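Shown next, in structure tokens, is the structure this report addresses.
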Amino acid sequence: MAYDYEKSIRPGKLPHIWCPGCGHGIVMKGLIRAMDTCGLDRKNTAIVSGIGCASRLPGYLDACTLHTAHGRAAAFATGVKMAKPEMTVICCGGDGDGTAIGGNHFIHACRRNIDMTYVLMNNFIYGMTGGQFSPCTPTGAKASTTPYGNPDPIFDISKLAIGAGATFVARTTAAHPREIDKLIVQGIQHKGMSIIEVLDDCPTTYGRRNKFRSVVDMMKHLKANAVPIKAAAKMTAEQLQGKFLTGVLFHDTEKPEYCAQYAEVIKKAQGA
Amino acid sequence: MAKKVALLQGNQACAAGAVYAGCKFFGGYPITPSTEVAEELSISLPKVGGKFIQMEDEIGAMASVIGASLTGMKSLTATSGPGVSLKQELIGYACIAEVPCVIINVMRGGPSTGMPTGPGQSDVMQAMWGTHGDHAAIALVPSSVQEIFSETVRAFNLAEKYRMPVQVLFDEIVGHMRERIVFPEPGELEVIDREAPTDGPDTYKPYDSTKGQIPPLASFGSGYKFHVTGLNKADDGFPTTKASLVDAEERRQVDKVMDNVADIESNEEYLTEDAEVVIWAFGSTARSARYAVNELRKEGIKAGLFRPITLWPFPTKRTAELAVQCKAIVVAEMNLGQMIHEVERAAKGNCVVAGEFRVDGEPINPAQIMKKVKEVL
Amino acid sequence: MSGARLEIIERNCKGCSICVEFCPKNVLEMDVFLVTAPRPEDCIKCMQCELLCPDFAIKVHDE
Ligand SMILES: Cc1ncc(C[n+]2csc(CCOP(=O)(O)OP(=O)(O)O)c2C)c(N)n1
Ligand code: SF4
Ligand code: SF4
Ligand code: SF4
Ligand SMILES: [Mg+2]
């Protein structure tokens with residue numbers, strides 16, 4: 001029955017800093033369940049983030065946690081994983097952190113196919129700084145820096161990850177909590193770069209400006225517009241308008257993992 | 001047994017020094033005139049079981065180095081001009097999070113892309129103040145190939161001992177110069193490893209100042225679970241905005257260097273005992289300066305050379321003493337006057353301080369220095 | 001099916017009402033800024049409230 005999250009959370013850290021209804025808390029619970037399912041030894045698990053509301057996540061978890069600089073999580077994590085490939089490395093952070101300022105590190109970590117799991121919380125906005133538009137803010141939406149509606153087109157993070165070379169790419173939403181841990185488990189078990197994009201909500205800086213009356217409204221929107229990839233195959237382009245595909249979007253077990261590749265380099269250098 | 005001798009480029013000596021110091025991780029991004037450091041380590045690190053990674057940019061390189069160091073590996077990056085500018089963000093991170101690492105800066109001119117193949121010494125203020133916020137810095141400035149080797153080793157030692165980023169700055173001339181180098185035997189040069197925590201995983205705090213000015217750093221993956229952040233933090237590593245804690249931590253991080261200047265400082269003096277004029281120069285410029293001193297002496301001018309090998313923390317005390325002793329200090333540097341401000345500050349008006357500067361991509365030659373000396377005397 | 005014991009950790013609850021709105025059996029209610037469970041006997045232990053609470057503030061126990 002009731003899940004014991006507390007054993008994974010550092011003593012005295014709750015309540016967390018996130019606003020009422022912020023989806024990041026739901027994702028954190030999913031991550032804890034996934035880490036338990038995989039039986040991860042927290043002493044050998046590094047959880048690495050950048051800067052933003054989402055990036056505050058590692059501080060709550062009892063593990064080797066590294067809260068870095070804005071956008072740099074994937075690059076710090078690459079150093080950790082290269083240096084100690086026997087550690088499990090999990091990155092987490094927001095849409096702005098991962099795909100704007102950190103976009104370069106993100107795509108190159110995908111390209112290398114280094115064995116880590118990146119849980120990217122996409123709330124379509126720069127939450128922490130008060131709601132400026134991010135590369136994932138829908139075109140036309142209101143943000144504090146798009147008073148006339150957002151003129152920018154968006155990134156599709158999952159497509160970006162697939163194009164860049166990640167070998168396990170999945171998407172779900174904060175309104176699908178059981179799918180969050182299911183996909184993170186698969187990501188952790190996959191040897192290579194795994195991207196789990198979780199669409200979530202920022203009621204404080206995004207919802208209010210964009211005609212969502214409440215956080216519940218936002219959650220219902222996420223629930224109503226998620227289309228499992230299998231179901232999508234039977235739908236027309238028109239029916240898919242405004243929807244987001246969920247589930248495992250891409251899985252490739254052929255591409256070599258980066259640390260394994262480098263182990264070969266060491267063998268060659270040592271004349272084996 | 002005869003010692004191993006070789007004719008090496010400065011950048012190659014740097015790579016060899018890193019391996020001697022026990023460096024096991026390099027993260028970099030190619031840039032002239034530092035690239036040979038990376039090329040050399042891409043060969044030698046995997047041979048000793050180390051890791052080499054070419055990252056997507058210099059910020060990523062610096063990030064990877066800090067990440068690797070947190071697992072306990074001695075880590076290095078090497079770059080130049082524009083690359084150093086990019087690394088500044090995370091040099092600050094390594095300062096506040098207190099993560100040992102070494103940054104090699106083979107200096108070229110600037111600003112911006114400047115003159116990629118020309119030498120410069122214009123990053124000396126950046127080495128101290130390049131990253132935002134209050135912090136201490138250690139920067140070493142070798143002037144020969146042999147010294148690049150030994151100062152790279154010392155940079156690792158200081159990084160590990162003081163738990164912070166240490167920069168080694170040399171200009172393109174020394175980086176690309178070929179000189180004879182005698183390889184020290186293993187054990188001949190001191191090699192310092194970071195102190196291991198005395199507390200077990202249950203009571204360990206990564207910034208516990210009751211353990212001394214430099215609290216020991218545990219490694220990720222060694223049984224310790226702890227938090228590292230770039231935010232101001234309390235002794236347990238978790239963010240705080242409590243004024244007294246922020247103040248104490250900020251001050252400790254500066255004091256750990258400034259209280260130990262005697263240990264970190266390293267200078268060379270040549271004929272300064274009776275000098276009336278002291279030429280103050282470092283790196284390749286100090287080589288011209290030394291030549292100038294000899295020529296001036298032949299002409300009966302009592303000249304001497306003061307050459308800092310540790311540039312930051314600045315050798316304030318010795319510079320001040322020399323200012324009292326001599327009539328003039330001539331600061332020669334390949335920039336438009338950076339270290340001269342620190343020299344003036346140390347001299348406190350006790351002697352004339354004059355500068356001889358150059359930023360045209362040509363080294364400062366002895367004749368220029370001699371001319372300046374004669375002008376001021 | 002007998003009901004459940006719903007534990008509400010008041011110091012964590014931020015009153016977002018997600019649990020109330022997503023409960024299929026109308027077990028929960030908002031009392032201004034805090035959630036309450038006036039009808040625990042109706043609970044079918046679907047766990048939606050616990051899974052969706054962002055704040056670690058509600059737990060569903062077997063009674
Ligand atoms: C170099 C740098 N630039 C800008 C910032 C300011 N900043 C902090 S968080 C943030 C946006 C975070 O957005 P996102 O990653 O989407 O996370 P969220 O807060 O939405 O969870 C920005 C712009 C910073 N901390 N560092
Ligand atoms: S500002 Fe938005 S993203 Fe940040 S904690 Fe509040 S709701 Fe969450
Ligand atoms: S477990 Fe399901 S039925 Fe019971 S209170 Fe929670 S949401 Fe309602
Ligand atoms: S979901 Fe959690 S925080 Fe929100 S009202 Fe319910 S118990 Fe409180
Ligand atoms: Mg965001």
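Ligands are numbered from 1 in the order shown, chains are lettered A, B, ... in the order of the structure tokens, and residues start at 1 in each chain.
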Could the residues that lie within 6 Å of ligand 4, counting only C-alpha atoms and all ligand atoms, be listed as a count of residues only? 13
What's the 10 Å shell around Tyr60 of chain A, counting only C-alpha atoms, without same-chain residues fewer than 6 positions away, as a ChimeraX atom specification? /A:8-16,28 /B:227,238
So that each row is one residue of chain A with an atom at most 6 Å from ligand 1, can you give its shortest atom pair and the distance in Å to one decimal, using only C-alpha atoms and all ligand atoms, rows by chain and rising number, as JSON lines?
{"residue": "A:Ile51", "atom": "CA", "partner": "ligand 1", "partner_atom_place_in_ligand_line": "9 (S)", "distance": 5.0}
{"residue": "A:Gly52", "atom": "CA", "partner": "ligand 1", "partner_atom_place_in_ligand_line": "9 (S)", "distance": 3.6}
{"residue": "A:Cys53", "atom": "CA", "partner": "ligand 1", "partner_atom_place_in_ligand_line": "19 (O)", "distance": 3.7}
{"residue": "A:Ala54", "atom": "CA", "partner": "ligand 1", "partner_atom_place_in_ligand_line": "21 (O)", "distance": 3.7}
{"residue": "A:His70", "atom": "CA", "partner": "ligand 1", "partner_atom_place_in_ligand_line": "26 (N)", "distance": 4.7}
{"residue": "A:Gly93", "atom": "CA", "partner": "ligand 1", "partner_atom_place_in_ligand_line": "15 (O)", "distance": 5.9}
{"residue": "A:Gly94", "atom": "CA", "partner": "ligand 1", "partner_atom_place_in_ligand_line": "15 (O)", "distance": 3.4}
{"residue": "A:Asp95", "atom": "CA", "partner": "ligand 1", "partner_atom_place_in_ligand_line": "16 (O)", "distance": 4.1}
{"residue": "A:Gly96", "atom": "CA", "partner": "ligand 1", "partner_atom_place_in_ligand_line": "16 (O)", "distance": 3.6}
{"residue": "A:Asp97", "atom": "CA", "partner": "ligand 1", "partner_atom_place_in_ligand_line": "15 (O)", "distance": 3.5}
{"residue": "A:Asn123", "atom": "CA", "partner": "ligand 1", "partner_atom_place_in_ligand_line": "20 (O)", "distance": 5.9}
{"residue": "A:Ile125", "atom": "CA", "partner": "ligand 1", "partner_atom_place_in_ligand_line": "20 (O)", "distance": 5.2}
{"residue": "A:Tyr126", "atom": "CA", "partner": "ligand 1", "partner_atom_place_in_ligand_line": "13 (O)", "distance": 3.5}
{"residue": "A:Gly127", "atom": "CA", "partner": "ligand 1", "partner_atom_place_in_ligand_line": "20 (O)", "distance": 3.5}
{"residue": "A:Met128", "atom": "CA", "partner": "ligand 1", "partner_atom_place_in_ligand_line": "19 (O)", "distance": 3.8}
{"residue": "A:Thr129", "atom": "CA", "partner": "ligand 1", "partner_atom_place_in_ligand_line": "10 (C)", "distance": 5.4}
Based on the selection just made, write all heavy atoms of those residues as an mmCIF file, in the first residue's frame.
data_model
loop_
_atom_site.group_PDB
_atom_site.id
_atom_site.type_symbol
_atom_site.label_atom_id
_atom_site.label_comp_id
_atom_site.auth_asym_id
_atom_site.auth_seq_id
_atom_site.Cartn_x
_atom_site.Cartn_y
_atom_site.Cartn_z
ATOM 1 N N ILE A 51 20.399 24.136 -13.225
ATOM 2 C CA ILE A 51 19.770 25.160 -12.388
ATOM 3 C C ILE A 51 18.341 25.376 -12.881
ATOM 4 O O ILE A 51 18.087 25.391 -14.078
ATOM 5 C CB ILE A 51 20.549 26.497 -12.454
ATOM 6 C CG1 ILE A 51 21.965 26.346 -11.862
ATOM 7 C CG2 ILE A 51 19.790 27.621 -11.749
ATOM 8 C CD1 ILE A 51 22.048 26.177 -10.363
ATOM 9 N N GLY A 52 17.452 25.582 -11.954
ATOM 10 C CA GLY A 52 16.041 25.777 -12.258
ATOM 11 C C GLY A 52 15.245 25.098 -11.164
ATOM 12 O O GLY A 52 15.824 24.438 -10.294
ATOM 13 N N CYS A 53 13.931 25.247 -11.209
ATOM 14 C CA CYS A 53 13.123 24.578 -10.185
ATOM 15 C C CYS A 53 13.325 23.067 -10.285
ATOM 16 O O CYS A 53 13.577 22.395 -9.284
ATOM 17 C CB CYS A 53 11.653 24.931 -10.364
ATOM 18 S SG CYS A 53 11.307 26.676 -10.100
ATOM 19 N N ALA A 54 13.225 22.532 -11.496
ATOM 20 C CA ALA A 54 13.377 21.094 -11.688
ATOM 21 C C ALA A 54 14.739 20.622 -11.185
ATOM 22 O O ALA A 54 14.880 19.534 -10.622
ATOM 23 C CB ALA A 54 13.209 20.742 -13.164
ATOM 24 N N HIS A 70 23.725 26.317 -14.568
ATOM 25 C CA HIS A 70 22.591 26.298 -15.498
ATOM 26 C C HIS A 70 22.976 25.657 -16.847
ATOM 27 O O HIS A 70 23.841 26.174 -17.551
ATOM 28 C CB HIS A 70 22.124 27.736 -15.714
ATOM 29 C CG HIS A 70 20.774 27.862 -16.320
ATOM 30 N ND1 HIS A 70 19.797 26.894 -16.226
ATOM 31 C CD2 HIS A 70 20.210 28.879 -17.030
ATOM 32 C CE1 HIS A 70 18.703 27.309 -16.853
ATOM 33 N NE2 HIS A 70 18.924 28.509 -17.360
ATOM 34 N N GLY A 93 16.451 17.774 -14.791
ATOM 35 C CA GLY A 93 16.414 19.217 -14.958
ATOM 36 C C GLY A 93 15.246 19.626 -15.819
ATOM 37 O O GLY A 93 14.441 18.793 -16.241
ATOM 38 N N GLY A 94 15.181 20.917 -16.080
ATOM 39 C CA GLY A 94 14.049 21.478 -16.808
ATOM 40 C C GLY A 94 14.270 21.589 -18.303
ATOM 41 O O GLY A 94 15.350 21.282 -18.817
ATOM 42 N N ASP A 95 13.228 22.049 -18.975
ATOM 43 C CA ASP A 95 13.271 22.226 -20.427
ATOM 44 C C ASP A 95 14.239 23.350 -20.811
ATOM 45 O O ASP A 95 15.007 23.220 -21.769
ATOM 46 C CB ASP A 95 11.873 22.502 -20.986
ATOM 47 C CG ASP A 95 11.109 23.565 -20.204
ATOM 48 O OD1 ASP A 95 11.271 23.632 -18.977
ATOM 49 O OD2 ASP A 95 10.342 24.327 -20.819
ATOM 50 N N GLY A 96 14.226 24.430 -20.042
ATOM 51 C CA GLY A 96 15.129 25.530 -20.352
ATOM 52 C C GLY A 96 16.565 25.115 -20.115
ATOM 53 O O GLY A 96 17.451 25.289 -20.962
ATOM 54 N N ASP A 97 16.799 24.543 -18.965
ATOM 55 C CA ASP A 97 18.130 24.094 -18.577
ATOM 56 C C ASP A 97 18.710 23.110 -19.592
ATOM 57 O O ASP A 97 19.838 23.250 -20.042
ATOM 58 C CB ASP A 97 18.004 23.434 -17.196
ATOM 59 C CG ASP A 97 19.328 23.038 -16.598
ATOM 60 O OD1 ASP A 97 20.067 23.934 -16.174
ATOM 61 O OD2 ASP A 97 19.610 21.828 -16.553
ATOM 62 N N ASN A 123 8.111 21.712 -18.491
ATOM 63 C CA ASN A 123 6.890 22.443 -18.093
ATOM 64 C C ASN A 123 6.648 23.642 -19.000
ATOM 65 O O ASN A 123 5.932 24.565 -18.659
ATOM 66 C CB ASN A 123 6.956 22.846 -16.611
ATOM 67 C CG ASN A 123 8.175 23.707 -16.306
ATOM 68 O OD1 ASN A 123 8.919 24.100 -17.215
ATOM 69 N ND2 ASN A 123 8.390 24.010 -15.045
ATOM 70 N N ILE A 125 8.317 26.216 -19.831
ATOM 71 C CA ILE A 125 8.565 27.588 -19.363
ATOM 72 C C ILE A 125 9.826 27.630 -18.501
ATOM 73 O O ILE A 125 10.270 26.605 -18.009
ATOM 74 C CB ILE A 125 7.342 28.077 -18.529
ATOM 75 C CG1 ILE A 125 7.281 29.592 -18.418
ATOM 76 C CG2 ILE A 125 7.296 27.433 -17.140
ATOM 77 C CD1 ILE A 125 6.721 30.268 -19.641
ATOM 78 N N TYR A 126 10.405 28.805 -18.361
ATOM 79 C CA TYR A 126 11.428 29.032 -17.344
ATOM 80 C C TYR A 126 10.695 29.335 -16.044
ATOM 81 O O TYR A 126 10.306 30.480 -15.793
ATOM 82 C CB TYR A 126 12.296 30.246 -17.700
ATOM 83 C CG TYR A 126 13.256 30.060 -18.849
ATOM 84 C CD1 TYR A 126 13.722 31.163 -19.565
ATOM 85 C CD2 TYR A 126 13.745 28.807 -19.210
ATOM 86 C CE1 TYR A 126 14.626 31.018 -20.613
ATOM 87 C CE2 TYR A 126 14.646 28.660 -20.249
ATOM 88 C CZ TYR A 126 15.075 29.764 -20.951
ATOM 89 O OH TYR A 126 15.973 29.637 -21.970
ATOM 90 N N GLY A 127 10.504 28.319 -15.228
ATOM 91 C CA GLY A 127 9.733 28.512 -14.006
ATOM 92 C C GLY A 127 10.463 29.355 -12.973
ATOM 93 O O GLY A 127 9.955 30.365 -12.495
ATOM 94 N N MET A 128 11.675 28.959 -12.680
ATOM 95 C CA MET A 128 12.377 29.565 -11.549
ATOM 96 C C MET A 128 12.543 31.077 -11.664
ATOM 97 O O MET A 128 12.478 31.798 -10.676
ATOM 98 C CB MET A 128 13.748 28.919 -11.378
ATOM 99 C CG MET A 128 14.548 29.537 -10.238
ATOM 100 S SD MET A 128 15.865 28.483 -9.664
ATOM 101 C CE MET A 128 15.028 27.664 -8.315
ATOM 102 N N THR A 129 12.740 31.553 -12.883
ATOM 103 C CA THR A 129 12.996 32.988 -13.048
ATOM 104 C C THR A 129 11.716 33.776 -13.297
ATOM 105 O O THR A 129 11.763 34.941 -13.660
ATOM 106 C CB THR A 129 14.006 33.231 -14.179
ATOM 107 O OG1 THR A 129 13.677 32.347 -15.262
ATOM 108 C CG2 THR A 129 15.413 32.953 -13.725
#
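Using only C-alpha atoms, the residues found no farther than 9 Å from Leu240 of chain A, other than those of its own chain fewer than 6 positions away, are Asn225, Val227 and Ala232 of chain A.
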Smallest atom-to-atom distance to Leu51 of chain C: which of A:Lys29, A:Lys267, A:His67, A:Arg56, using only C-alpha atoms? A:Lys29
Hey, which residues sit close to ligand 3? Say within 7 Å, counting only C-alpha atoms and all ligand atoms, and write them as a list of chain:residue names. C:Leu6, C:Cys19, C:Phe22, C:Cys23, C:Pro24, C:Lys25, C:Asn26, C:Val27, C:Leu28, C:Pro40, C:Asp42, C:Cys43, C:Ile44, C:Lys45, C:Cys46, C:Met47, C:Gln48, C:Cys49, C:Glu50, C:Val60
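All residues in segment 149-261 of chain A with a DSSP state of strand (DSSP E), computed from the backbone, read A:Phe168, A:Val169, A:Ala170, A:Arg171, A:Thr172, A:Thr173, A:Met193, A:Ser194, A:Ile195, A:Ile196, A:Glu197, A:Val198, A:Leu199, A:Ala226, A:Val227, A:Pro228, A:Phe244, A:Leu245, A:Thr246, A:Gly247, A:Val248, A:Leu249, A:Phe250, A:His251.
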Could the residues in this selection be saved with N, CA, C and O atoms as a CSV table (one decimal), in the first residue's frame?
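The resulting file, selection09.csv, is shown below:
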chain,number,residue,atom,x,y,z
A,168,PHE,N,17.6,5.4,-26.1
A,168,PHE,CA,16.3,5.1,-25.5
A,168,PHE,C,15.6,6.4,-25.2
A,168,PHE,O,16.1,7.3,-24.5
A,169,VAL,N,14.5,6.6,-25.9
A,169,VAL,CA,13.8,7.9,-25.8
A,169,VAL,C,12.3,7.7,-25.5
A,169,VAL,O,11.7,6.9,-26.2
A,170,ALA,N,11.8,8.2,-24.4
A,170,ALA,CA,10.4,8.0,-24.0
A,170,ALA,C,9.8,9.3,-23.5
A,170,ALA,O,10.5,10.2,-23.1
A,171,ARG,N,8.5,9.3,-23.6
A,171,ARG,CA,7.8,10.5,-23.1
A,171,ARG,C,6.6,10.1,-22.3
A,171,ARG,O,5.9,9.2,-22.7
A,172,THR,N,6.3,10.9,-21.2
A,172,THR,CA,5.0,10.7,-20.5
A,172,THR,C,4.7,12.0,-19.9
A,172,THR,O,5.3,13.1,-20.2
A,173,THR,N,3.7,12.1,-19.0
A,173,THR,CA,3.3,13.3,-18.4
A,173,THR,C,3.2,13.1,-16.9
A,173,THR,O,3.1,12.0,-16.4
A,193,MET,N,22.5,6.2,-23.7
A,193,MET,CA,21.8,7.4,-23.3
A,193,MET,C,20.3,7.3,-23.3
A,193,MET,O,19.8,7.0,-24.4
A,194,SER,N,19.7,7.5,-22.2
A,194,SER,CA,18.2,7.4,-22.1
A,194,SER,C,17.6,8.7,-21.8
A,194,SER,O,18.0,9.3,-20.8
A,195,ILE,N,16.7,9.1,-22.6
A,195,ILE,CA,16.0,10.4,-22.3
A,195,ILE,C,14.5,10.1,-21.9
A,195,ILE,O,13.8,9.5,-22.7
A,196,ILE,N,14.1,10.5,-20.7
A,196,ILE,CA,12.7,10.4,-20.4
A,196,ILE,C,12.2,11.8,-20.2
A,196,ILE,O,12.5,12.6,-19.3
A,197,GLU,N,11.4,12.2,-21.2
A,197,GLU,CA,10.8,13.6,-21.2
A,197,GLU,C,9.5,13.5,-20.4
A,197,GLU,O,8.6,12.7,-20.9
A,198,VAL,N,9.3,14.2,-19.4
A,198,VAL,CA,8.1,14.2,-18.6
A,198,VAL,C,7.4,15.6,-18.8
A,198,VAL,O,8.0,16.6,-18.3
A,199,LEU,N,6.3,15.6,-19.4
A,199,LEU,CA,5.6,16.9,-19.6
A,199,LEU,C,4.9,17.2,-18.2
A,199,LEU,O,4.2,16.3,-17.7
A,226,ALA,N,-2.5,13.4,-24.1
A,226,ALA,CA,-1.4,12.4,-24.3
A,226,ALA,C,-2.0,11.2,-25.1
A,226,ALA,O,-3.1,10.7,-24.8
A,227,VAL,N,-1.2,10.8,-26.1
A,227,VAL,CA,-1.7,9.7,-27.0
A,227,VAL,C,-0.6,8.7,-27.0
A,227,VAL,O,0.6,8.9,-27.5
A,228,PRO,N,-0.8,7.5,-26.5
A,228,PRO,CA,0.2,6.4,-26.5
A,228,PRO,C,0.6,6.2,-27.9
A,228,PRO,O,-0.2,6.2,-28.9
A,244,PHE,N,0.3,15.0,-27.8
A,244,PHE,CA,1.7,14.5,-27.7
A,244,PHE,C,1.8,13.0,-27.5
A,244,PHE,O,1.0,12.4,-26.8
A,245,LEU,N,2.7,12.5,-28.2
A,245,LEU,CA,2.8,11.0,-28.2
A,245,LEU,C,3.6,10.6,-26.9
A,245,LEU,O,4.5,11.3,-26.5
A,246,THR,N,3.1,9.5,-26.3
A,246,THR,CA,3.7,9.1,-25.1
A,246,THR,C,4.1,7.6,-25.2
A,246,THR,O,3.7,6.9,-26.1
A,247,GLY,N,5.0,7.2,-24.3
A,247,GLY,CA,5.5,5.8,-24.3
A,247,GLY,C,6.9,5.8,-24.8
A,247,GLY,O,7.6,6.8,-24.9
A,248,VAL,N,7.4,4.6,-25.1
A,248,VAL,CA,8.7,4.4,-25.6
A,248,VAL,C,8.7,4.8,-27.1
A,248,VAL,O,8.1,4.2,-27.9
A,249,LEU,N,9.4,5.9,-27.4
A,249,LEU,CA,9.4,6.5,-28.8
A,249,LEU,C,10.5,5.9,-29.6
A,249,LEU,O,10.4,5.9,-30.8
A,250,PHE,N,11.6,5.5,-28.9
A,250,PHE,CA,12.7,5.0,-29.7
A,250,PHE,C,13.6,4.1,-28.8
A,250,PHE,O,13.8,4.4,-27.6
A,251,HIS,N,14.0,3.0,-29.3
A,251,HIS,CA,14.9,2.1,-28.5
A,251,HIS,C,15.8,1.4,-29.5
A,251,HIS,O,15.4,0.7,-30.4
Within 7 Å of segment 124-133 of chain B, counting only C-alpha atoms, which residues show up once you throw out same-chain ones fewer than 2 positions away? Write them as number ranges by chain, please. B: 88-89, 91-92, 121-122, 135, 137, 139, 312, 338
For ligand 2, list the contacting residues at 7 Å or closer, counting only C-alpha atoms and all ligand atoms, as a tab-separated table (two decimals) with C-alpha atoms, in the first residue's frame.
chain	number	residue	atom	x	y	z
A	17	ILE	CA	10.46	24.30	-2.24
A	18	TRP	CA	8.15	23.70	-5.18
A	19	CYS	CA	4.86	25.62	-5.47
A	20	PRO	CA	1.49	24.03	-4.75
A	21	GLY	CA	0.66	21.68	-7.59
A	22	CYS	CA	4.06	21.88	-9.29
A	23	GLY	CA	4.56	18.72	-11.32
A	24	HIS	CA	8.20	18.33	-10.35
A	53	CYS	CA	13.12	24.58	-10.18
A	54	ALA	CA	13.38	21.09	-11.69
A	123	ASN	CA	6.89	22.44	-18.09
A	127	GLY	CA	9.73	28.51	-14.01
A	128	MET	CA	12.38	29.56	-11.55
A	130	GLY	CA	9.33	33.85	-13.21
A	201	ASP	CA	3.04	21.78	-15.14
A	202	CYS	CA	4.11	25.10	-13.76
A	203	PRO	CA	0.87	26.54	-12.45
A	204	THR	CA	2.64	29.57	-11.02
A	205	THR	CA	4.27	31.05	-14.08
So, with only C-alpha atoms as the atoms that count, which of C:Ala4, C:Leu52, C:Val32, C:Ala37 lies closest to Met1 of chain A? C:Ala4
